[in-house]
file query-v5.csv (CSV, C-alpha atoms and all ligand atoms)
chain,number,residue,atom,x,y,z
S,1,MET,CA,-2.5,15.6,-5.9
S,2,LEU,CA,0.0,13.6,-3.9
S,3,THR,CA,-1.6,10.4,-5.1
S,4,ASP,CA,-1.4,11.6,-8.7
S,5,HIS,CA,2.3,12.1,-8.2
S,6,ARG,CA,2.8,8.8,-6.6
S,7,ASP,CA,0.9,7.1,-9.4
S,8,ARG,CA,3.0,8.9,-12.0
S,9,ARG,CA,6.2,7.8,-10.3
S,10,ARG,CA,5.0,4.2,-10.1
S,11,SER,CA,3.9,4.2,-13.7
S,12,TYR,CA,7.2,5.7,-14.8
S,13,GLN,CA,9.2,3.2,-12.8
S,14,ARG,CA,7.2,0.3,-14.3
S,15,ASN,CA,7.5,1.5,-17.9
S,16,ALA,CA,11.1,2.7,-17.8
S,17,ALA,CA,12.2,-0.7,-16.4
S,18,GLU,CA,15.5,1.1,-15.5
S,19,ASP,CA,18.4,-0.8,-14.0
S,20,SER,CA,18.8,-0.6,-10.3
S,21,PRO,CA,20.2,2.7,-9.2
S,22,TRP,CA,22.9,0.7,-7.4
S,23,SER,CA,26.0,-0.7,-9.0
S,24,THR,CA,27.4,-3.4,-6.7
S,25,ALA,CA,30.8,-2.8,-5.1
S,26,ALA,CA,33.8,-4.7,-6.2
S,27,GLY,CA,33.5,-8.3,-5.3
S,28,GLY,CA,29.7,-8.1,-5.4
S,29,ARG,CA,29.6,-7.2,-1.7
S,30,GLY,CA,27.3,-4.4,-0.6
S,31,LYS,CA,26.1,-1.4,-2.6
S,32,ASP,CA,28.3,1.4,-3.8
S,33,PRO,CA,26.7,4.9,-3.5
S,34,ARG,CA,29.5,6.4,-5.6
S,35,SER,CA,27.9,5.1,-8.8
S,36,TYR,CA,24.3,5.6,-7.7
S,37,PHE,CA,22.1,6.7,-10.6
S,38,ALA,CA,18.3,6.9,-10.8
S,39,ARG,CA,15.7,8.7,-12.8
S,40,ASP,CA,12.6,10.0,-11.0
S,41,VAL,CA,9.5,12.1,-11.6
S,42,THR,CA,9.0,15.6,-10.2
S,43,ARG,CA,5.6,16.8,-9.1
S,44,ASP,CA,5.0,18.6,-12.4
S,45,GLY,CA,5.6,15.4,-14.3
S,46,GLY,CA,9.2,16.1,-15.5
S,47,VAL,CA,11.8,13.4,-15.4
S,48,ILE,CA,14.9,14.2,-13.4
S,49,ALA,CA,18.2,12.4,-12.9
S,50,ILE,CA,19.4,11.8,-9.3
S,51,ARG,CA,23.0,10.7,-9.2
S,52,ALA,CA,26.1,10.6,-7.0
S,53,ILE,CA,28.1,13.8,-7.2
S,54,ARG,CA,31.4,13.5,-9.1
S,55,PRO,CA,34.7,15.4,-9.1
S,56,ASP,CA,33.9,16.9,-12.5
S,57,ASP,CA,30.8,18.6,-11.1
S,58,LYS,CA,32.7,21.6,-9.8
S,59,ARG,CA,31.6,24.1,-12.4
S,60,ARG,CA,28.0,22.8,-12.3
S,61,LEU,CA,28.0,23.1,-8.6
S,62,CYS,CA,29.2,26.7,-8.7
S,63,GLU,CA,26.3,27.4,-11.0
S,64,HIS,CA,24.0,25.6,-8.6
S,65,PHE,CA,25.0,27.9,-5.7
S,66,ARG,CA,24.9,30.9,-8.0
S,67,HIS,CA,21.2,30.2,-8.7
S,68,LEU,CA,20.3,30.0,-5.0
S,69,GLY,CA,18.6,33.3,-4.1
S,70,PRO,CA,19.9,35.2,-1.0
S,71,THR,CA,17.2,33.7,1.3
S,72,SER,CA,17.9,30.1,0.1
S,73,ALA,CA,21.6,30.6,0.4
S,74,TYR,CA,21.1,31.9,3.9
S,75,PHE,CA,18.9,29.0,4.9
S,76,ARG,CA,21.5,26.6,3.5
S,77,PHE,CA,24.7,28.1,4.9
S,78,PHE,CA,23.3,29.9,8.0
S,79,SER,CA,25.1,33.0,6.8
S,80,PRO,CA,24.8,35.4,3.8
S,81,LYS,CA,27.4,33.3,1.9
S,82,ARG,CA,27.2,33.8,-1.8
S,83,ARG,CA,30.4,32.4,-3.2
S,84,ILE,CA,32.1,29.1,-2.6
S,85,SER,CA,35.9,28.7,-2.7
S,86,GLU,CA,38.0,26.3,-4.7
S,87,GLN,CA,38.5,24.4,-1.4
S,88,ASP,CA,34.8,24.2,-0.8
S,89,LEU,CA,34.3,22.8,-4.3
S,90,ILE,CA,36.9,20.2,-3.7
S,91,SER,CA,35.5,19.1,-0.4
S,92,LEU,CA,32.0,19.0,-1.8
S,93,THR,CA,32.8,17.0,-5.0
S,94,GLU,CA,35.7,14.8,-4.0
S,95,ILE,CA,34.1,12.9,-1.2
S,96,ASP,CA,34.5,9.4,0.2
S,97,PHE,CA,30.9,8.2,-0.1
S,98,LEU,CA,31.4,6.5,3.3
S,99,ARG,CA,31.3,9.4,5.8
S,100,ASN,CA,29.9,11.8,3.3
S,101,VAL,CA,27.3,10.9,0.6
S,102,THR,CA,26.1,13.6,-1.8
S,103,LEU,CA,23.5,13.3,-4.5
S,104,VAL,CA,22.7,15.8,-7.2
S,105,ALA,CA,19.4,16.2,-9.0
S,106,THR,CA,20.1,17.2,-12.6
S,107,LEU,CA,18.2,18.3,-15.7
S,108,SER,CA,19.3,18.9,-19.2
S,109,ILE,CA,18.6,22.6,-19.9
S,110,GLN,CA,19.4,24.0,-23.3
S,111,GLY,CA,21.6,21.0,-24.0
S,112,ALA,CA,23.7,21.3,-20.8
S,113,GLU,CA,23.4,19.3,-17.6
S,114,ARG,CA,22.4,21.5,-14.7
S,115,ILE,CA,22.5,20.7,-11.0
S,116,VAL,CA,19.1,21.9,-9.8
S,117,GLY,CA,19.2,20.1,-6.5
S,118,LEU,CA,21.8,18.9,-4.0
S,119,GLY,CA,21.3,16.5,-1.1
S,120,GLN,CA,23.9,15.4,1.4
S,121,TYR,CA,24.4,13.4,4.5
S,122,VAL,CA,27.5,13.5,6.6
S,123,LEU,CA,28.2,11.1,9.5
S,124,ASP,CA,29.0,12.8,12.7
S,125,ASP,CA,32.4,11.0,12.8
S,126,ASP,CA,34.0,7.9,11.3
S,127,ARG,CA,32.5,5.5,13.7
S,128,SER,CA,29.1,7.2,14.0
S,129,ARG,CA,26.0,5.8,12.5
S,130,ARG,CA,24.2,9.2,12.9
S,131,ALA,CA,23.9,11.3,9.7
S,132,GLN,CA,23.3,15.0,9.4
S,133,LEU,CA,21.1,15.9,6.4
S,134,ALA,CA,21.2,19.0,4.2
S,135,CYS,CA,19.8,19.9,0.8
S,136,SER,CA,19.3,22.8,-1.5
S,137,VAL,CA,17.2,23.3,-4.6
S,138,VAL,CA,17.7,26.3,-6.9
S,139,ASP,CA,15.0,28.9,-6.5
S,140,ALA,CA,13.5,28.5,-10.0
S,141,TYR,CA,12.9,24.7,-9.4
S,142,GLN,CA,11.6,24.8,-5.8
S,143,GLY,CA,8.1,23.6,-5.1
S,144,ARG,CA,8.3,20.7,-7.7
S,145,GLY,CA,9.0,18.0,-5.2
S,146,ILE,CA,12.8,17.8,-6.0
S,147,GLY,CA,13.8,18.4,-2.3
S,148,ALA,CA,11.5,15.6,-1.2
S,149,LEU,CA,12.9,13.3,-3.9
S,150,LEU,CA,16.5,14.0,-2.8
S,151,ILE,CA,15.7,13.3,0.8
S,152,GLU,CA,14.0,10.0,-0.2
S,153,HIS,CA,16.9,8.8,-2.3
S,154,LEU,CA,19.4,9.9,0.4
S,155,LEU,CA,17.5,8.0,3.1
S,156,GLY,CA,17.4,4.9,0.9
S,157,ILE,CA,21.2,5.0,0.5
S,158,ALA,CA,21.7,5.8,4.2
S,159,ARG,CA,19.6,2.9,5.4
S,160,ALA,CA,21.3,0.5,2.9
S,161,CYS,CA,24.7,1.7,4.3
S,162,GLY,CA,23.7,1.1,7.9
S,163,VAL,CA,22.9,4.7,9.1
S,164,VAL,CA,20.7,4.3,12.2
S,165,ASP,CA,19.9,7.9,13.2
S,166,PHE,CA,19.3,11.1,11.3
S,167,ALA,CA,19.5,14.8,12.3
S,168,ALA,CA,19.0,18.1,10.6
S,169,ASP,CA,19.7,21.6,11.8
S,170,VAL,CA,17.3,24.1,10.3
S,171,LEU,CA,16.9,27.8,10.9
S,172,GLY,CA,13.6,28.4,12.8
S,173,ASP,CA,12.2,30.6,10.0
S,174,ASN,CA,13.0,28.1,7.2
S,175,HIS,CA,9.4,27.0,6.8
S,176,PRO,CA,9.9,25.2,3.5
S,177,MET,CA,12.5,22.8,5.0
S,178,LEU,CA,10.6,22.4,8.3
S,179,ARG,CA,7.4,21.6,6.4
S,180,LEU,CA,9.2,19.3,4.0
S,181,LEU,CA,10.4,17.2,6.9
S,182,ALA,CA,7.2,17.5,8.9
S,183,LYS,CA,5.0,16.5,6.0
S,184,SER,CA,7.2,13.5,5.4
S,185,GLY,CA,6.2,12.4,8.9
S,186,LEU,CA,9.9,12.0,9.6
S,187,VAL,CA,10.6,14.3,12.5
S,188,THR,CA,9.9,12.9,15.9
S,189,HIS,CA,12.2,15.0,18.1
S,190,ARG,CA,12.9,18.7,17.9
S,191,SER,CA,14.6,21.2,20.1
S,192,THR,CA,15.5,24.8,19.4
S,193,GLN,CA,18.6,26.7,20.4
S,194,ALA,CA,19.6,30.2,19.4
S,195,GLY,CA,17.1,30.2,16.5
S,196,VAL,CA,18.2,26.8,15.1
S,197,VAL,CA,15.8,23.9,15.2
S,198,HIS,CA,17.6,20.6,15.8
S,199,LEU,CA,15.5,17.7,14.3
S,200,THR,CA,16.1,14.0,14.7
S,201,PHE,CA,14.5,10.8,13.6
S,202,SER,CA,15.3,7.2,13.7
S,203,GLY,CA,16.2,4.6,11.0
S,204,ALA,CA,12.8,2.9,11.7
S,205,GLU,CA,11.0,6.1,11.0
S,206,ALA,CA,13.0,6.5,7.8
S,207,ASP,CA,12.0,3.0,6.8
S,208,GLN,CA,8.3,3.8,7.3
S,209,PHE,CA,8.7,6.9,5.2
S,210,LEU,CA,10.5,4.9,2.4
S,211,ALA,CA,7.8,2.2,2.5
S,212,ALA,CA,5.0,4.7,2.1
S,213,ALA,CA,6.8,6.8,-0.6
E,1,LIG,C1,14.0,23.3,1.5
E,1,LIG,C2,14.1,23.0,0.1
E,1,LIG,C3,15.3,22.1,-0.2
E,1,LIG,C4,12.8,22.3,-0.4
E,1,LIG,O1,13.0,21.9,-1.7
E,1,LIG,P1,11.8,21.9,-2.7
E,1,LIG,O2,12.2,21.1,-3.9
E,1,LIG,O3,11.3,23.3,-3.0
E,1,LIG,O4,10.7,21.1,-1.9
E,1,LIG,P2,9.6,20.2,-2.4
E,1,LIG,O5,9.0,20.8,-3.7
E,1,LIG,O6,10.0,18.8,-2.4
E,1,LIG,O7,8.5,20.5,-1.3
E,1,LIG,C5,8.3,19.6,-0.3
E,1,LIG,C6,7.4,20.2,0.8
E,1,LIG,O8,8.2,21.3,1.3
E,1,LIG,C7,7.3,22.3,1.6
E,1,LIG,N1,7.6,23.5,0.9
E,1,LIG,C8,8.4,23.7,-0.2
E,1,LIG,N2,8.5,25.0,-0.6
E,1,LIG,C9,7.8,25.7,0.4
E,1,LIG,C10,7.6,27.0,0.6
E,1,LIG,N3,8.1,28.0,-0.2
E,1,LIG,N4,6.9,27.4,1.7
E,1,LIG,C11,6.4,26.5,2.5
E,1,LIG,N5,6.6,25.2,2.4
E,1,LIG,C12,7.3,24.8,1.3
E,1,LIG,C13,6.0,21.9,1.4
E,1,LIG,O9,5.5,21.2,2.5
E,1,LIG,C14,6.2,20.9,0.2
E,1,LIG,O10,5.2,20.0,0.1
E,1,LIG,P3,3.7,20.5,-0.5
E,1,LIG,O11,4.0,21.5,-1.6
E,1,LIG,O12,3.1,19.3,-1.0
E,1,LIG,O13,3.0,21.1,0.7
E,1,LIG,C15,14.3,24.3,-0.8
E,1,LIG,O14,13.3,25.2,-0.4
E,1,LIG,C16,15.7,25.0,-0.6
E,1,LIG,O15,16.6,24.7,-1.3
E,1,LIG,N6,15.7,25.9,0.3
E,1,LIG,C17,17.0,26.6,0.5
E,1,LIG,C18,18.1,25.7,1.2
E,1,LIG,C19,17.6,25.1,2.4
E,1,LIG,O16,16.8,25.7,3.2
E,1,LIG,N7,18.0,23.9,2.8
E,1,LIG,C20,17.6,23.2,4.0
E,1,LIG,C21,18.5,23.5,5.1
E,1,LIG,S1,19.9,22.5,5.0
call {"tool": "encode", "arguments": {"input": "query-v5.csv", "output": "structure tokens", "more": "lines below"}}
Ligand SMILES: CC(C)(COP(=O)(O)OP(=O)(O)OC[C@H]1O[C@@H](n2cnc3c(N)ncnc32)[C@H](O)[C@@H]1OP(=O)(O)O)[C@@H](O)C(=O)NCCC(=O)NCCS
result
Amino acid sequence: MLTDHRDRRRSYQRNAAEDSPWSTAAGGRGKDPRSYFARDVTRDGGVIAIRAIRPDDKRRLCEHFRHLGPTSAYFRFFSPKRRISEQDLISLTEIDFLRNVTLVATLSIQGAERIVGLGQYVLDDDRSRRAQLACSVVDAYQGRGIGALLIEHLLGIARACGVVDFAADVLGDNHPMLRLLAKSGLVTHRSTQAGVVHLTFSGAEADQFLAAA
């Protein structure tokens, strides 16, 4: 099953002959995550766009959070939060792509672009090379490999941008996220405090995962 999916992705990538997801930064130095754009294949064979979040995504992002069920929202925010404020929308969409990198997975549904998945890493502080990962996939689209794709694209960006360590805080009963990371072979250290599992892995482990993907 996994091999089928991998084969489909490779075949799509060969045939689509898409441009690189990266557009090079001004002056040709380095890669600029703010214009990252890729297409990829979900486990059910659909094609999905994975791109950098933009300031004009606020309404789509609101919809995204509205389509997270209560359990998913709780797992994402660690509280029964159901609404996001204007300020939240600004801080989620108007980001620097240095300390905070956010990707959205989008599909065209009834002619409108919808954000079905969101993946984010945030560096602990300006000088840190350690990134905290988080993601969410709307309930109706979970289980199709979108979360795994978002993590993969995020890790690719993070490694290209010099991130050397990764961490994720996951509620102990969030089996989907714990399984997603465990199945990727990414998590090497874990500790639990007050019901929250703190997971960490290194850049080298991320590279191994990316090479095998
Ligand atoms: C965690 C989450 C992002 C996974 O996204 P997804 O697109 O459903 O995940 P994928 O389809 O890529 O699945 C990857 C792996 O996760 C695991 N998984 C996914 N859904 C699962 C479920 N309901 N139960 C158990 N494991 C599950 C599986 O191991 C799966 O691989 P497999 O089906 O080959 O066994 C999604 O469930 C979600 O948004 N949850 C709410 C928010 C959240 O918990 N965010 C993480 C904390 S920041």
call {"tool": "residues_around", "arguments": {"input": "query-v5.csv", "residues": "Arg130 of chain S", "least_positions_apart": "2", "cutoff": "12 Å", "atoms": "all atoms listed in the file", "output": "JSON, numbers by chain"}}
result
{"S": [99, 100, 121, 122, 123, 124, 125, 126, 127, 128, 132, 133, 155, 158, 159, 161, 162, 163, 164, 165, 166, 167, 168, 200, 201, 202, 203]}
call {"tool": "residues_around", "arguments": {"input": "query-v5.csv", "residues": "segment 105-114 of chain S", "least_positions_apart": "5", "cutoff": "7 Å", "atoms": "all atoms listed in the file", "output": "PyMOL selection string"}}
result
chain S and resi 48-51+60
call {"tool": "closest_atom_pairs", "arguments": {"input": "query-v5.csv", "of": "chain S", "to": "ligand LIG 1 (chain E)", "cutoff": "7 Å", "atoms": "only C-alpha atoms and all ligand atoms", "output": "CSV"}}
result
residue,atom,partner,partner_atom,distance
S:Ser72,CA,E:LIG1,C17,3.6
S:Ala73,CA,E:LIG1,C18,6.1
S:Phe75,CA,E:LIG1,O16,4.3
S:Arg76,CA,E:LIG1,C18,4.2
S:Leu133,CA,E:LIG1,S1,6.9
S:Ala134,CA,E:LIG1,S1,3.8
S:Cys135,CA,E:LIG1,N7,4.8
S:Ser136,CA,E:LIG1,O15,3.3
S:Val137,CA,E:LIG1,O15,3.6
S:Val138,CA,E:LIG1,O15,5.9
S:Asp139,CA,E:LIG1,O15,6.9
S:Tyr141,CA,E:LIG1,O2,6.6
S:Gln142,CA,E:LIG1,O3,3.2
S:Gly143,CA,E:LIG1,O5,3.3
S:Arg144,CA,E:LIG1,O5,4.1
S:Gly145,CA,E:LIG1,O6,3.1
S:Ile146,CA,E:LIG1,O2,4.0
S:Gly147,CA,E:LIG1,O2,3.5
S:Ala148,CA,E:LIG1,O6,3.7
S:Leu149,CA,E:LIG1,O6,6.4
S:Asp169,CA,E:LIG1,S1,6.9
S:Val170,CA,E:LIG1,C21,5.4
S:Asn174,CA,E:LIG1,O16,6.0
S:His175,CA,E:LIG1,C11,5.3
S:Pro176,CA,E:LIG1,C12,3.4
S:Met177,CA,E:LIG1,C1,3.8
S:Arg179,CA,E:LIG1,O9,4.4
S:Leu180,CA,E:LIG1,O8,3.5
S:Lys183,CA,E:LIG1,O9,5.9
call {"tool": "residues_near_point", "arguments": {"input": "query-v5.csv", "point": "(11.9, 26.2, 13.5)", "cutoff": "9 Å", "atoms": "only C-alpha atoms", "output": "list in words"}}
result
Val170, Leu171, Gly172, Asp173, Asn174, His175, Leu178, Arg190, Ser191, Thr192, Gly195, Val196, Val197 and His198 of chain S
call {"tool": "write_last_selection", "arguments": {"input": "query-v5.csv", "atoms": "C-alpha atoms", "output": "short mmCIF file (atom, residue, chain, number, x, y, z; two decimals), in the frame of the given file"}}
result
data_model
loop_
_atom_site.label_atom_id
_atom_site.label_comp_id
_atom_site.auth_asym_id
_atom_site.auth_seq_id
_atom_site.Cartn_x
_atom_site.Cartn_y
_atom_site.Cartn_z
CA VAL S 170 17.30 24.10 10.30
CA LEU S 171 16.90 27.80 10.90
CA GLY S 172 13.60 28.40 12.80
CA ASP S 173 12.20 30.60 10.00
CA ASN S 174 13.00 28.10 7.20
CA HIS S 175 9.40 27.00 6.80
CA LEU S 178 10.60 22.40 8.30
CA ARG S 190 12.90 18.70 17.90
CA SER S 191 14.60 21.20 20.10
CA THR S 192 15.50 24.80 19.40
CA GLY S 195 17.10 30.20 16.50
CA VAL S 196 18.20 26.80 15.10
CA VAL S 197 15.80 23.90 15.20
CA HIS S 198 17.60 20.60 15.80
#
call {"tool": "residues_around", "arguments": {"input": "query-v5.csv", "residues": "Val104 of chain S", "least_positions_apart": "5", "cutoff": "9 Å", "atoms": "only C-alpha atoms", "output": "compact mmCIF listing (two decimals) with C-alpha atoms, in the frame of the given file"}}
result
# COMPACT_ATOMS: atom_id res chain seq x y z
CA ALA S 49 18.20 12.40 -12.90
CA ILE S 50 19.40 11.80 -9.30
CA ARG S 51 23.00 10.70 -9.20
CA ALA S 52 26.10 10.60 -7.00
CA ILE S 53 28.10 13.80 -7.20
CA ILE S 115 22.50 20.70 -11.00
CA VAL S 116 19.10 21.90 -9.80
CA GLY S 117 19.20 20.10 -6.50
CA LEU S 118 21.80 18.90 -4.00
CA GLY S 119 21.30 16.50 -1.10
CA GLN S 120 23.90 15.40 1.40
CA LEU S 150 16.50 14.00 -2.80
call {"tool": "atom_distance", "arguments": {"input": "query-v5.csv", "atom1": "atom CA of Gly156 of chain S", "atom2": "atom CA of Arg129 of chain S"}}
result
14.5 Å
call {"tool": "atom_distance", "arguments": {"input": "query-v5.csv", "atom1": "atom CA of Lys58 of chain S", "atom2": "atom CA of Leu89 of chain S"}}
result
5.9 Å
call {"tool": "atom_distance", "arguments": {"input": "query-v5.csv", "atom1": "atom CA of Gln208 of chain S", "atom2": "atom CA of Thr102 of chain S"}}
result
22.3 Å
call {"tool": "residues_near_point", "arguments": {"input": "query-v5.csv", "point": "(23.1, 36.1, 0.0)", "cutoff": "10 Å", "atoms": "all atoms listed in the file", "output": "number ranges by chain"}}
result
S: 66, 68-75, 77, 79-83
call {"tool": "write_last_selection", "arguments": {"input": "query-v5.csv", "atoms": "C-alpha atoms", "output": "PDB file, in the coordinates of the input"}}
result
ATOM      1  CA  ARG S  66      24.900  30.900  -8.000  1.00  0.00           C
ATOM      2  CA  LEU S  68      20.300  30.000  -5.000  1.00  0.00           C
ATOM      3  CA  GLY S  69      18.600  33.300  -4.100  1.00  0.00           C
ATOM      4  CA  PRO S  70      19.900  35.200  -1.000  1.00  0.00           C
ATOM      5  CA  THR S  71      17.200  33.700   1.300  1.00  0.00           C
ATOM      6  CA  SER S  72      17.900  30.100   0.100  1.00  0.00           C
ATOM      7  CA  ALA S  73      21.600  30.600   0.400  1.00  0.00           C
ATOM      8  CA  TYR S  74      21.100  31.900   3.900  1.00  0.00           C
ATOM      9  CA  PHE S  75      18.900  29.000   4.900  1.00  0.00           C
ATOM     10  CA  PHE S  77      24.700  28.100   4.900  1.00  0.00           C
ATOM     11  CA  SER S  79      25.100  33.000   6.800  1.00  0.00           C
ATOM     12  CA  PRO S  80      24.800  35.400   3.800  1.00  0.00           C
ATOM     13  CA  LYS S  81      27.400  33.300   1.900  1.00  0.00           C
ATOM     14  CA  ARG S  82      27.200  33.800  -1.800  1.00  0.00           C
ATOM     15  CA  ARG S  83      30.400  32.400  -3.200  1.00  0.00           C
TER      16      ARG S  83
END
call {"tool": "residues_around", "arguments": {"input": "query-v5.csv", "residues": "His5 of chain S", "least_positions_apart": "4", "cutoff": "9 Å", "atoms": "all atoms listed in the file", "output": "short mmCIF file (atom, residue, chain, number, x, y, z; two decimals) with C-alpha atoms, keeping the file's coordinate frame"}}
result
data_model
loop_
_atom_site.label_atom_id
_atom_site.label_comp_id
_atom_site.auth_asym_id
_atom_site.auth_seq_id
_atom_site.Cartn_x
_atom_site.Cartn_y
_atom_site.Cartn_z
CA MET S 1 -2.50 15.60 -5.90
CA ARG S 9 6.20 7.80 -10.30
CA ARG S 10 5.00 4.20 -10.10
CA VAL S 41 9.50 12.10 -11.60
CA THR S 42 9.00 15.60 -10.20
CA ARG S 43 5.60 16.80 -9.10
CA ASP S 44 5.00 18.60 -12.40
CA GLY S 45 5.60 15.40 -14.30
#
call {"tool": "closest_residue", "arguments": {"input": "query-v5.csv", "among": "S:Ser20, S:Glu152, S:Thr188, S:Ala182", "to": "Ala212 of chain S", "atoms": "all atoms listed in the file"}}
result
S:Glu152
